[in-house]
>>> print(open('work.cif').read())   # mmCIF, C-alpha atoms
data_entry
#
loop_
_atom_site.group_PDB
_atom_site.id
_atom_site.type_symbol
_atom_site.label_atom_id
_atom_site.label_comp_id
_atom_site.auth_asym_id
_atom_site.auth_seq_id
_atom_site.Cartn_x
_atom_site.Cartn_y
_atom_site.Cartn_z
ATOM 1 C CA MET S 146 113.351 120.240 158.853
ATOM 2 C CA ILE S 147 117.037 119.363 159.002
ATOM 3 C CA LEU S 148 119.129 122.497 158.352
ATOM 4 C CA LEU S 149 122.806 122.109 157.393
ATOM 5 C CA HIS S 150 125.099 125.132 157.647
ATOM 6 C CA GLY S 151 127.825 126.082 155.207
ATOM 7 C CA ARG S 152 131.607 126.006 155.630
ATOM 8 C CA GLY S 153 132.594 128.450 158.331
ATOM 9 C CA GLY S 154 128.983 128.770 159.441
ATOM 10 C CA SER S 155 127.192 127.424 162.466
ATOM 11 C CA ALA S 156 123.980 125.783 163.556
ATOM 12 C CA GLU S 157 122.842 129.174 164.875
ATOM 13 C CA ASP S 158 123.472 130.778 161.464
ATOM 14 C CA ILE S 159 121.364 128.299 159.531
ATOM 15 C CA LEU S 160 118.618 128.292 162.171
ATOM 16 C CA SER S 161 118.099 131.977 161.390
ATOM 17 C CA LEU S 162 116.394 130.768 158.170
ATOM 18 C CA SER S 163 113.834 128.715 160.068
ATOM 19 C CA GLN S 164 111.107 131.338 160.362
ATOM 20 C CA ALA S 165 111.448 132.384 156.724
ATOM 21 C CA LEU S 166 111.381 128.793 155.456
ATOM 22 C CA GLY S 167 108.697 127.195 157.547
ATOM 23 C CA GLY S 168 106.632 128.014 160.536
ATOM 24 C CA PRO S 169 105.255 126.608 163.753
ATOM 25 C CA GLU S 170 104.315 123.298 162.131
ATOM 26 C CA PHE S 171 108.016 122.476 161.697
ATOM 27 C CA ALA S 172 110.519 121.143 164.215
ATOM 28 C CA TYR S 173 114.082 122.173 163.317
ATOM 29 C CA LEU S 174 117.242 120.124 163.738
ATOM 30 C CA ALA S 175 120.503 121.947 162.972
ATOM 31 C CA PRO S 176 123.675 120.008 163.742
ATOM 32 C CA GLN S 177 127.001 121.769 164.235
ATOM 33 C CA ALA S 178 129.990 120.523 162.209
ATOM 34 C CA ALA S 179 133.308 120.146 164.018
ATOM 35 C CA ASN S 180 135.450 123.221 163.331
ATOM 36 C CA HIS S 181 132.535 124.666 161.309
ATOM 37 C CA THR S 182 133.169 122.417 158.290
ATOM 38 C CA TRP S 183 131.546 119.154 157.193
ATOM 39 C CA TYR S 184 134.539 118.067 155.104
ATOM 40 C CA PRO S 185 137.922 119.755 154.519
ATOM 41 C CA TYR S 186 138.165 120.294 150.763
ATOM 42 C CA SER S 187 135.946 121.572 147.971
ATOM 43 C CA PHE S 188 132.920 119.476 147.080
ATOM 44 C CA LEU S 189 134.563 119.177 143.637
ATOM 45 C CA ALA S 190 137.694 117.506 145.066
ATOM 46 C CA PRO S 191 138.260 113.751 144.703
ATOM 47 C CA LEU S 192 135.970 111.987 147.163
ATOM 48 C CA GLU S 193 138.838 110.258 148.978
ATOM 49 C CA GLN S 194 140.350 113.653 149.893
ATOM 50 C CA ASN S 195 137.240 114.479 151.905
ATOM 51 C CA GLU S 196 137.167 111.164 153.765
ATOM 52 C CA PRO S 197 136.513 110.101 156.454
ATOM 53 C CA TYR S 198 134.824 113.464 157.110
ATOM 54 C CA LEU S 199 132.270 113.201 154.313
ATOM 55 C CA SER S 200 131.085 109.758 155.415
ATOM 56 C CA SER S 201 130.887 110.988 159.004
ATOM 57 C CA ALA S 202 128.799 113.997 157.935
ATOM 58 C CA LEU S 203 126.442 111.804 155.896
ATOM 59 C CA ASP S 204 126.083 109.475 158.892
ATOM 60 C CA ARG S 205 125.237 112.492 161.053
ATOM 61 C CA VAL S 206 122.397 113.477 158.718
ATOM 62 C CA GLU S 207 121.103 109.896 158.703
ATOM 63 C CA SER S 208 121.172 109.874 162.515
ATOM 64 C CA LEU S 209 118.974 112.997 162.498
ATOM 65 C CA VAL S 210 116.526 111.410 160.050
ATOM 66 C CA GLN S 211 116.369 108.379 162.358
ATOM 67 C CA LEU S 212 115.920 110.645 165.391
ATOM 68 C CA ALA S 213 112.914 112.193 163.640
ATOM 69 C CA VAL S 214 111.559 108.721 162.792
ATOM 70 C CA ALA S 215 111.894 107.711 166.460
ATOM 71 C CA ALA S 216 109.871 110.829 167.362
ATOM 72 C CA GLY S 217 107.121 109.787 164.949
ATOM 73 C CA ILE S 218 108.176 111.954 161.974
ATOM 74 C CA PRO S 219 108.856 109.761 158.916
ATOM 75 C CA PRO S 220 111.148 110.818 156.042
ATOM 76 C CA ASP S 221 108.152 111.785 153.902
ATOM 77 C CA LYS S 222 107.445 114.522 156.455
ATOM 78 C CA THR S 223 111.104 115.612 156.719
ATOM 79 C CA VAL S 224 112.740 118.376 154.677
ATOM 80 C CA VAL S 225 116.529 118.236 154.289
ATOM 81 C CA ALA S 226 117.935 121.703 153.587
ATOM 82 C CA GLY S 227 121.277 123.461 153.516
ATOM 83 C CA PHE S 228 123.381 126.333 152.278
ATOM 84 C CA SER S 229 126.642 126.011 150.323
ATOM 85 C CA GLN S 230 128.632 123.125 151.850
ATOM 86 C CA GLY S 231 125.478 122.205 153.760
ATOM 87 C CA ALA S 232 123.471 122.235 150.502
ATOM 88 C CA CYS S 233 126.025 119.913 148.923
ATOM 89 C CA LEU S 234 125.784 117.600 151.934
ATOM 90 C CA ALA S 235 121.966 117.700 151.840
ATOM 91 C CA THR S 236 121.893 116.909 148.106
ATOM 92 C CA GLU S 237 124.413 114.081 148.410
ATOM 93 C CA PHE S 238 122.559 112.630 151.392
ATOM 94 C CA VAL S 239 119.194 112.582 149.610
ATOM 95 C CA ALA S 240 120.772 111.003 146.498
ATOM 96 C CA ARG S 241 122.576 108.322 148.533
ATOM 97 C CA HIS S 242 119.509 107.581 150.704
ATOM 98 C CA PRO S 243 116.710 107.662 148.132
ATOM 99 C CA ARG S 244 113.167 107.554 149.464
ATOM 100 C CA ARG S 245 110.265 109.970 149.585
ATOM 101 C CA TYR S 246 111.154 113.084 151.603
ATOM 102 C CA ALA S 247 108.951 116.091 152.256
ATOM 103 C CA GLY S 248 111.601 118.030 150.373
ATOM 104 C CA LEU S 249 115.184 118.928 149.568
ATOM 105 C CA ILE S 250 116.259 122.570 149.605
ATOM 106 C CA ALA S 251 119.738 123.236 148.217
ATOM 107 C CA PHE S 252 120.720 126.887 148.501
ATOM 108 C CA THR S 253 123.877 127.042 146.329
ATOM 109 C CA GLY S 254 124.925 123.408 146.242
ATOM 110 C CA GLY S 255 124.976 120.170 144.306
ATOM 111 C CA LEU S 256 126.142 116.588 144.269
ATOM 112 C CA ILE S 257 129.635 115.940 145.634
ATOM 113 C CA GLY S 258 132.484 114.745 143.409
ATOM 114 C CA PRO S 259 135.055 115.942 140.878
ATOM 115 C CA PRO S 260 133.888 117.354 137.536
ATOM 116 C CA ASP S 261 134.728 114.168 135.617
ATOM 117 C CA SER S 262 133.171 111.727 138.111
ATOM 118 C CA GLU S 263 130.017 109.657 137.807
ATOM 119 C CA LEU S 264 127.440 111.410 139.988
ATOM 120 C CA THR S 265 124.379 109.255 139.366
ATOM 121 C CA HIS S 266 122.871 107.129 142.133
ATOM 122 C CA PRO S 267 120.385 104.261 142.007
ATOM 123 C CA GLY S 268 117.033 104.525 143.714
ATOM 124 C CA ASP S 269 113.705 106.325 143.575
ATOM 125 C CA LEU S 270 112.947 109.681 145.204
ATOM 126 C CA ALA S 271 109.234 109.057 144.593
ATOM 127 C CA GLY S 272 108.212 112.618 143.748
ATOM 128 C CA THR S 273 110.257 114.338 146.472
ATOM 129 C CA PRO S 274 110.079 118.096 145.775
ATOM 130 C CA ALA S 275 113.633 119.386 145.342
ATOM 131 C CA PHE S 276 114.610 123.044 145.047
ATOM 132 C CA PHE S 277 118.014 124.182 143.757
ATOM 133 C CA GLY S 278 118.888 127.873 143.797
ATOM 134 C CA SER S 279 122.240 129.513 143.117
ATOM 135 C CA GLY S 280 123.903 132.642 141.897
ATOM 136 C CA ASP S 281 125.761 132.513 138.617
ATOM 137 C CA PRO S 282 128.621 132.946 138.680
ATOM 138 C CA ASP S 283 129.242 131.701 142.209
ATOM 139 C CA PRO S 284 132.815 131.589 143.588
ATOM 140 C CA HIS S 285 132.379 128.106 145.088
ATOM 141 C CA VAL S 286 129.600 126.281 143.213
ATOM 142 C CA PRO S 287 129.520 126.281 139.393
ATOM 143 C CA TRP S 288 126.017 126.645 137.956
ATOM 144 C CA GLN S 289 126.770 123.688 135.674
ATOM 145 C CA ARG S 290 127.030 121.415 138.750
ATOM 146 C CA VAL S 291 123.756 122.780 140.139
ATOM 147 C CA GLN S 292 122.027 122.000 136.827
ATOM 148 C CA GLN S 293 123.651 118.569 136.597
ATOM 149 C CA SER S 294 122.570 117.716 140.152
ATOM 150 C CA ALA S 295 119.014 118.889 139.500
ATOM 151 C CA GLU S 296 118.840 116.714 136.387
ATOM 152 C CA ILE S 297 120.192 113.634 138.175
ATOM 153 C CA LEU S 298 117.652 113.994 140.991
ATOM 154 C CA LYS S 299 114.919 114.481 138.405
ATOM 155 C CA GLN S 300 115.979 111.205 136.770
ATOM 156 C CA MET S 301 115.709 109.622 140.242
ATOM 157 C CA GLY S 302 112.061 110.678 140.394
ATOM 158 C CA ALA S 303 112.260 114.001 142.248
ATOM 159 C CA ASP S 304 110.001 116.926 141.354
ATOM 160 C CA VAL S 305 112.772 119.450 140.676
ATOM 161 C CA ALA S 306 112.869 123.232 140.383
ATOM 162 C CA ALA S 307 116.194 124.945 139.662
ATOM 163 C CA HIS S 308 116.502 128.737 139.797
ATOM 164 C CA ARG S 309 119.518 130.670 138.543
ATOM 165 C CA TYR S 310 120.110 134.129 140.032
ATOM 166 C CA PRO S 311 122.588 136.081 137.869
ATOM 167 C CA GLY S 312 125.040 138.090 139.961
ATOM 168 C CA MET S 313 123.660 136.951 143.325
ATOM 169 C CA PRO S 314 126.361 136.941 146.012
ATOM 170 C CA HIS S 315 127.225 133.749 147.933
ATOM 171 C CA THR S 316 124.285 134.043 150.309
ATOM 172 C CA VAL S 317 120.587 133.161 150.640
ATOM 173 C CA THR S 318 118.222 135.901 149.476
ATOM 174 C CA PRO S 319 114.547 136.504 150.337
ATOM 175 C CA GLY S 320 113.552 135.776 146.730
ATOM 176 C CA GLU S 321 115.355 132.445 146.825
ATOM 177 C CA ILE S 322 113.646 131.542 150.108
ATOM 178 C CA GLU S 323 110.246 132.389 148.633
ATOM 179 C CA SER S 324 110.937 130.224 145.568
ATOM 180 C CA ALA S 325 111.954 127.342 147.830
ATOM 181 C CA ARG S 326 108.788 127.778 149.913
ATOM 182 C CA GLN S 327 106.646 127.804 146.783
ATOM 183 C CA HIS S 328 108.184 124.585 145.483
ATOM 184 C CA VAL S 329 108.834 122.636 148.699
ATOM 185 C CA GLY S 330 107.291 124.349 151.721
ATOM 186 C CA THR S 331 103.765 124.844 150.467
ATOM 187 C CA LEU S 332 103.594 121.277 149.147
ATOM 188 C CA PHE S 333 104.590 120.041 152.585
ATOM 189 C CA ILE S 334 102.079 122.266 154.362
ATOM 190 C CA HIS S 335 99.190 121.314 152.026
ATOM 191 C CA LYS S 336 99.947 117.647 152.592
ATOM 192 C CA GLU S 337 99.368 118.189 156.317
ATOM 193 C CA GLN S 338 95.901 119.747 155.893
#
>>> encode(input="work.cif", output="structure tokens")
Amino acid sequence: MILLHGRGGSAEDILSLSQALGGPEFAYLAPQAANHTWYPYSFLAPLEQNEPYLSSALDRVESLVQLAVAAGIPPDKTVVAGFSQGACLATEFVARHPRRYAGLIAFTGGLIGPPDSELTHPGDLAGTPAFFGSGDPDPHVPWQRVQQSAEILKQMGADVAAHRYPGMPHTVTPGEIESARQHVGTLFIHKEQ
């Protein structure tokens, strides 16, 4: 499981979710962003404003997927997960690198780009289970973008679940973790048996 922290967070922060999300059958990779941010501006800013940082962050995730492959863990046994800015990065990575993954978990995040931009991507996610959860309203991630991202990934062939949590603060809650486990984690675990 690749865990991507949010803006201002750290690898240690996001690793604290590891026991709640998975278990001993998982290996966890949690990279640390320089200065605790993957890219400098909002995920809704024009893409060029977040470059070259966004491309660098996406390359970092790909390097972790390839590290897992080199260790004998293919993408279809790899979950890509994140919170907030990390959830946006995880979602954008999966959309730009379509293939079967063990799962995508986006805790308060969505595809990256301004509100009026074309967010669709070509490719087939081949039934990848994808979980989107977010509070509504959220101060950083509009629920409309979460829904739009979930729909785009569904059109790409993902098995999508999107859960709206009215009034939830900008955090990850136990209920959200359980919903993610039900949609992504248990499918991954059953596949191993």
>>> closest_atom_pairs(input="work.cif", of="segment 183-271 of chain S", to="segment 275-299 of chain S", cutoff="6 Å", atoms="all atoms listed in the file", output="CSV")
residue,atom,partner,partner_atom,distance
S:Gly248,CA,S:Ala275,CA,5.6
S:Leu249,CA,S:Ala275,CA,4.5
S:Ile250,CA,S:Phe276,CA,4.9
S:Ala251,CA,S:Phe277,CA,4.9
S:Phe252,CA,S:Gly278,CA,5.1
S:Thr253,CA,S:Ser279,CA,4.4
S:Gly255,CA,S:Val291,CA,5.1
S:Leu256,CA,S:Ser294,CA,5.6
>>> residues_around(input="work.cif", residues="Met301 of chain S", least_positions_apart="4", cutoff="9 Å", atoms="only C-alpha atoms", output="PDB file with C-alpha atoms, in the coordinates of the input")
ATOM      1  CA  ALA S 240     120.772 111.003 146.498  1.00  0.00           C
ATOM      2  CA  PRO S 243     116.710 107.662 148.132  1.00  0.00           C
ATOM      3  CA  THR S 265     124.379 109.255 139.366  1.00  0.00           C
ATOM      4  CA  HIS S 266     122.871 107.129 142.133  1.00  0.00           C
ATOM      5  CA  PRO S 267     120.385 104.261 142.007  1.00  0.00           C
ATOM      6  CA  GLY S 268     117.033 104.525 143.714  1.00  0.00           C
ATOM      7  CA  ASP S 269     113.705 106.325 143.575  1.00  0.00           C
ATOM      8  CA  LEU S 270     112.947 109.681 145.204  1.00  0.00           C
ATOM      9  CA  ALA S 271     109.234 109.057 144.593  1.00  0.00           C
ATOM     10  CA  GLY S 272     108.212 112.618 143.748  1.00  0.00           C
ATOM     11  CA  GLU S 296     118.840 116.714 136.387  1.00  0.00           C
ATOM     12  CA  ILE S 297     120.192 113.634 138.175  1.00  0.00           C
TER      13      ILE S 297
END
>>> resolve_selection(input="work.cif", expression="the PyMOL selection byres ((chain S and resi 186) around 12)", output="number ranges by chain")
S: 152, 182-185, 187-199, 230, 257-259, 285
>>> atom_distance(input="work.cif", atom1="atom CA of Cys233 of chain S", atom2="atom CA of Gly154 of chain S")
14.1 Å
>>> atom_distance(input="work.cif", atom1="atom CA of Asp204 of chain S", atom2="atom CA of Lys222 of chain S")
19.5 Å
>>> residues_around(input="work.cif", residues="Thr273 of chain S", least_positions_apart="3", cutoff="8 Å", atoms="only C-alpha atoms", output="NGL selection string")
:S and (244-249 or 270 or 302-304)
>>> write_last_selection(input="work.cif", atoms="C-alpha atoms", output="mmCIF file, in the coordinates of the input")
data_model
loop_
_atom_site.group_PDB
_atom_site.id
_atom_site.type_symbol
_atom_site.label_atom_id
_atom_site.label_comp_id
_atom_site.auth_asym_id
_atom_site.auth_seq_id
_atom_site.Cartn_x
_atom_site.Cartn_y
_atom_site.Cartn_z
ATOM 1 C CA ARG S 244 113.167 107.554 149.464
ATOM 2 C CA ARG S 245 110.265 109.970 149.585
ATOM 3 C CA TYR S 246 111.154 113.084 151.603
ATOM 4 C CA ALA S 247 108.951 116.091 152.256
ATOM 5 C CA GLY S 248 111.601 118.030 150.373
ATOM 6 C CA LEU S 249 115.184 118.928 149.568
ATOM 7 C CA LEU S 270 112.947 109.681 145.204
ATOM 8 C CA GLY S 302 112.061 110.678 140.394
ATOM 9 C CA ALA S 303 112.260 114.001 142.248
ATOM 10 C CA ASP S 304 110.001 116.926 141.354
#
>>> resolve_selection(input="work.cif", expression="the PyMOL selection byres ((chain S and resi 163) around 12)", output="ChimeraX atom specification")
/S:146-149,156-162,164-175,224,226-227,322,326,330
>>> atom_distance(input="work.cif", atom1="atom CA of Gly217 of chain S", atom2="atom CA of Gly254 of chain S")
29.2 Å
>>> closest_residue(input="work.cif", among="S:Phe238, S:His308, S:Ser262, S:His150", to="Gly320 of chain S", atoms="all atoms listed in the file")
S:His308
>>> closest_residue(input="work.cif", among="S:Leu264, S:Val305, S:Met313, S:Pro274", to="Val225 of chain S", atoms="all atoms listed in the file")
S:Pro274
>>> closest_residue(input="work.cif", among="S:Pro260, S:Ala325, S:Ala306, S:Arg241", to="Ser200 of chain S", atoms="only C-alpha atoms")
S:Arg241
>>> decode(input="work.cif", residues="segment 316-330 of chain S", atoms="all heavy atoms", output="PDB file, in the first residue's frame")
ATOM      1  N   THR S 316     -10.462  15.728   7.904  1.00  0.00           N
ATOM      2  CA  THR S 316      -9.698  14.680   8.575  1.00  0.00           C
ATOM      3  C   THR S 316     -10.169  13.337   8.038  1.00  0.00           C
ATOM      4  O   THR S 316     -11.072  13.275   7.199  1.00  0.00           O
ATOM      5  CB  THR S 316      -9.890  14.766  10.108  1.00  0.00           C
ATOM      6  OG1 THR S 316      -8.979  13.876  10.746  1.00  0.00           O
ATOM      7  CG2 THR S 316     -11.312  14.444  10.525  1.00  0.00           C
ATOM      8  N   VAL S 317      -9.588  12.257   8.525  1.00  0.00           N
ATOM      9  CA  VAL S 317     -10.037  10.896   8.203  1.00  0.00           C
ATOM     10  C   VAL S 317     -10.677  10.332   9.457  1.00  0.00           C
ATOM     11  O   VAL S 317     -10.072  10.349  10.525  1.00  0.00           O
ATOM     12  CB  VAL S 317      -8.850  10.007   7.756  1.00  0.00           C
ATOM     13  CG1 VAL S 317      -9.340   8.600   7.439  1.00  0.00           C
ATOM     14  CG2 VAL S 317      -8.139  10.611   6.554  1.00  0.00           C
ATOM     15  N   THR S 318     -11.916   9.852   9.338  1.00  0.00           N
ATOM     16  CA  THR S 318     -12.637   9.333  10.494  1.00  0.00           C
ATOM     17  C   THR S 318     -12.662   7.802  10.479  1.00  0.00           C
ATOM     18  O   THR S 318     -12.489   7.180   9.422  1.00  0.00           O
ATOM     19  CB  THR S 318     -14.094   9.852  10.500  1.00  0.00           C
ATOM     20  OG1 THR S 318     -14.778   9.301   9.366  1.00  0.00           O
ATOM     21  CG2 THR S 318     -14.145  11.377  10.464  1.00  0.00           C
ATOM     22  N   PRO S 319     -12.904   7.192  11.642  1.00  0.00           N
ATOM     23  CA  PRO S 319     -13.004   5.721  11.689  1.00  0.00           C
ATOM     24  C   PRO S 319     -14.071   5.160  10.748  1.00  0.00           C
ATOM     25  O   PRO S 319     -13.866   4.121  10.121  1.00  0.00           O
ATOM     26  CB  PRO S 319     -13.325   5.436  13.157  1.00  0.00           C
ATOM     27  CG  PRO S 319     -12.732   6.588  13.900  1.00  0.00           C
ATOM     28  CD  PRO S 319     -12.934   7.778  12.996  1.00  0.00           C
ATOM     29  N   GLY S 320     -15.216   5.851  10.641  1.00  0.00           N
ATOM     30  CA  GLY S 320     -16.264   5.377   9.744  1.00  0.00           C
ATOM     31  C   GLY S 320     -15.830   5.396   8.290  1.00  0.00           C
ATOM     32  O   GLY S 320     -16.167   4.490   7.511  1.00  0.00           O
ATOM     33  N   GLU S 321     -15.079   6.416   7.918  1.00  0.00           N
ATOM     34  CA  GLU S 321     -14.569   6.516   6.553  1.00  0.00           C
ATOM     35  C   GLU S 321     -13.557   5.396   6.277  1.00  0.00           C
ATOM     36  O   GLU S 321     -13.574   4.772   5.212  1.00  0.00           O
ATOM     37  CB  GLU S 321     -13.918   7.886   6.383  1.00  0.00           C
ATOM     38  CG  GLU S 321     -13.635   8.291   4.978  1.00  0.00           C
ATOM     39  CD  GLU S 321     -13.012   9.673   4.893  1.00  0.00           C
ATOM     40  OE1 GLU S 321     -12.570  10.235   5.927  1.00  0.00           O
ATOM     41  OE2 GLU S 321     -12.944  10.185   3.776  1.00  0.00           O
ATOM     42  N   ILE S 322     -12.701   5.121   7.249  1.00  0.00           N
ATOM     43  CA  ILE S 322     -11.727   4.040   7.103  1.00  0.00           C
ATOM     44  C   ILE S 322     -12.445   2.703   6.931  1.00  0.00           C
ATOM     45  O   ILE S 322     -12.088   1.897   6.069  1.00  0.00           O
ATOM     46  CB  ILE S 322     -10.769   3.995   8.307  1.00  0.00           C
ATOM     47  CG1 ILE S 322      -9.839   5.207   8.281  1.00  0.00           C
ATOM     48  CG2 ILE S 322      -9.958   2.700   8.315  1.00  0.00           C
ATOM     49  CD1 ILE S 322      -9.024   5.397   9.543  1.00  0.00           C
ATOM     50  N   GLU S 323     -13.476   2.480   7.722  1.00  0.00           N
ATOM     51  CA  GLU S 323     -14.218   1.215   7.620  1.00  0.00           C
ATOM     52  C   GLU S 323     -14.888   1.085   6.255  1.00  0.00           C
ATOM     53  O   GLU S 323     -14.882   0.007   5.653  1.00  0.00           O
ATOM     54  CB  GLU S 323     -15.247   1.098   8.739  1.00  0.00           C
ATOM     55  CG  GLU S 323     -15.981  -0.224   8.764  1.00  0.00           C
ATOM     56  CD  GLU S 323     -15.061  -1.444   8.818  1.00  0.00           C
ATOM     57  OE1 GLU S 323     -13.954  -1.383   9.403  1.00  0.00           O
ATOM     58  OE2 GLU S 323     -15.450  -2.488   8.241  1.00  0.00           O
ATOM     59  N   SER S 324     -15.449   2.178   5.745  1.00  0.00           N
ATOM     60  CA  SER S 324     -16.062   2.135   4.409  1.00  0.00           C
ATOM     61  C   SER S 324     -15.023   1.828   3.347  1.00  0.00           C
ATOM     62  O   SER S 324     -15.276   1.050   2.417  1.00  0.00           O
ATOM     63  CB  SER S 324     -16.749   3.469   4.098  1.00  0.00           C
ATOM     64  OG  SER S 324     -17.859   3.658   4.946  1.00  0.00           O
ATOM     65  N   ALA S 325     -13.845   2.424   3.468  1.00  0.00           N
ATOM     66  CA  ALA S 325     -12.765   2.150   2.517  1.00  0.00           C
ATOM     67  C   ALA S 325     -12.349   0.687   2.599  1.00  0.00           C
ATOM     68  O   ALA S 325     -12.148   0.026   1.568  1.00  0.00           O
ATOM     69  CB  ALA S 325     -11.573   3.066   2.788  1.00  0.00           C
ATOM     70  N   ARG S 326     -12.220   0.166   3.803  1.00  0.00           N
ATOM     71  CA  ARG S 326     -11.840  -1.252   3.975  1.00  0.00           C
ATOM     72  C   ARG S 326     -12.895  -2.165   3.353  1.00  0.00           C
ATOM     73  O   ARG S 326     -12.559  -3.159   2.715  1.00  0.00           O
ATOM     74  CB  ARG S 326     -11.686  -1.596   5.454  1.00  0.00           C
ATOM     75  CG  ARG S 326     -10.357  -1.182   6.043  1.00  0.00           C
ATOM     76  CD  ARG S 326     -10.203  -1.676   7.471  1.00  0.00           C
ATOM     77  NE  ARG S 326     -10.432  -3.106   7.598  1.00  0.00           N
ATOM     78  CZ  ARG S 326      -9.545  -4.057   7.297  1.00  0.00           C
ATOM     79  NH1 ARG S 326      -8.376  -3.738   6.830  1.00  0.00           N
ATOM     80  NH2 ARG S 326      -9.840  -5.333   7.463  1.00  0.00           N
ATOM     81  N   GLN S 327     -14.152  -1.838   3.551  1.00  0.00           N
ATOM     82  CA  GLN S 327     -15.222  -2.667   3.002  1.00  0.00           C
ATOM     83  C   GLN S 327     -15.163  -2.690   1.481  1.00  0.00           C
ATOM     84  O   GLN S 327     -15.387  -3.730   0.869  1.00  0.00           O
ATOM     85  CB  GLN S 327     -16.599  -2.157   3.458  1.00  0.00           C
ATOM     86  CG  GLN S 327     -16.883  -2.381   4.918  1.00  0.00           C
ATOM     87  CD  GLN S 327     -16.915  -3.857   5.278  1.00  0.00           C
ATOM     88  OE1 GLN S 327     -17.491  -4.678   4.590  1.00  0.00           O
ATOM     89  NE2 GLN S 327     -16.261  -4.196   6.373  1.00  0.00           N
ATOM     90  N   HIS S 328     -14.874  -1.543   0.873  1.00  0.00           N
ATOM     91  CA  HIS S 328     -14.893  -1.478  -0.588  1.00  0.00           C
ATOM     92  C   HIS S 328     -13.582  -1.932  -1.220  1.00  0.00           C
ATOM     93  O   HIS S 328     -13.584  -2.611  -2.235  1.00  0.00           O
ATOM     94  CB  HIS S 328     -15.234  -0.071  -1.068  1.00  0.00           C
ATOM     95  CG  HIS S 328     -15.470  -0.019  -2.547  1.00  0.00           C
ATOM     96  ND1 HIS S 328     -16.555  -0.618  -3.136  1.00  0.00           N
ATOM     97  CD2 HIS S 328     -14.738   0.506  -3.552  1.00  0.00           C
ATOM     98  CE1 HIS S 328     -16.489  -0.444  -4.440  1.00  0.00           C
ATOM     99  NE2 HIS S 328     -15.390   0.233  -4.726  1.00  0.00           N
ATOM    100  N   VAL S 329     -12.461  -1.556  -0.638  1.00  0.00           N
ATOM    101  CA  VAL S 329     -11.150  -1.849  -1.229  1.00  0.00           C
ATOM    102  C   VAL S 329     -10.420  -2.940  -0.466  1.00  0.00           C
ATOM    103  O   VAL S 329     -10.000  -3.943  -1.032  1.00  0.00           O
ATOM    104  CB  VAL S 329     -10.281  -0.572  -1.298  1.00  0.00           C
ATOM    105  CG1 VAL S 329      -8.888  -0.894  -1.779  1.00  0.00           C
ATOM    106  CG2 VAL S 329     -10.923   0.460  -2.207  1.00  0.00           C
ATOM    107  N   GLY S 330     -10.257  -2.756   0.842  1.00  0.00           N
ATOM    108  CA  GLY S 330      -9.405  -3.660   1.621  1.00  0.00           C
ATOM    109  C   GLY S 330      -9.865  -5.099   1.618  1.00  0.00           C
ATOM    110  O   GLY S 330      -9.064  -6.005   1.394  1.00  0.00           O
TER     111      GLY S 330
END
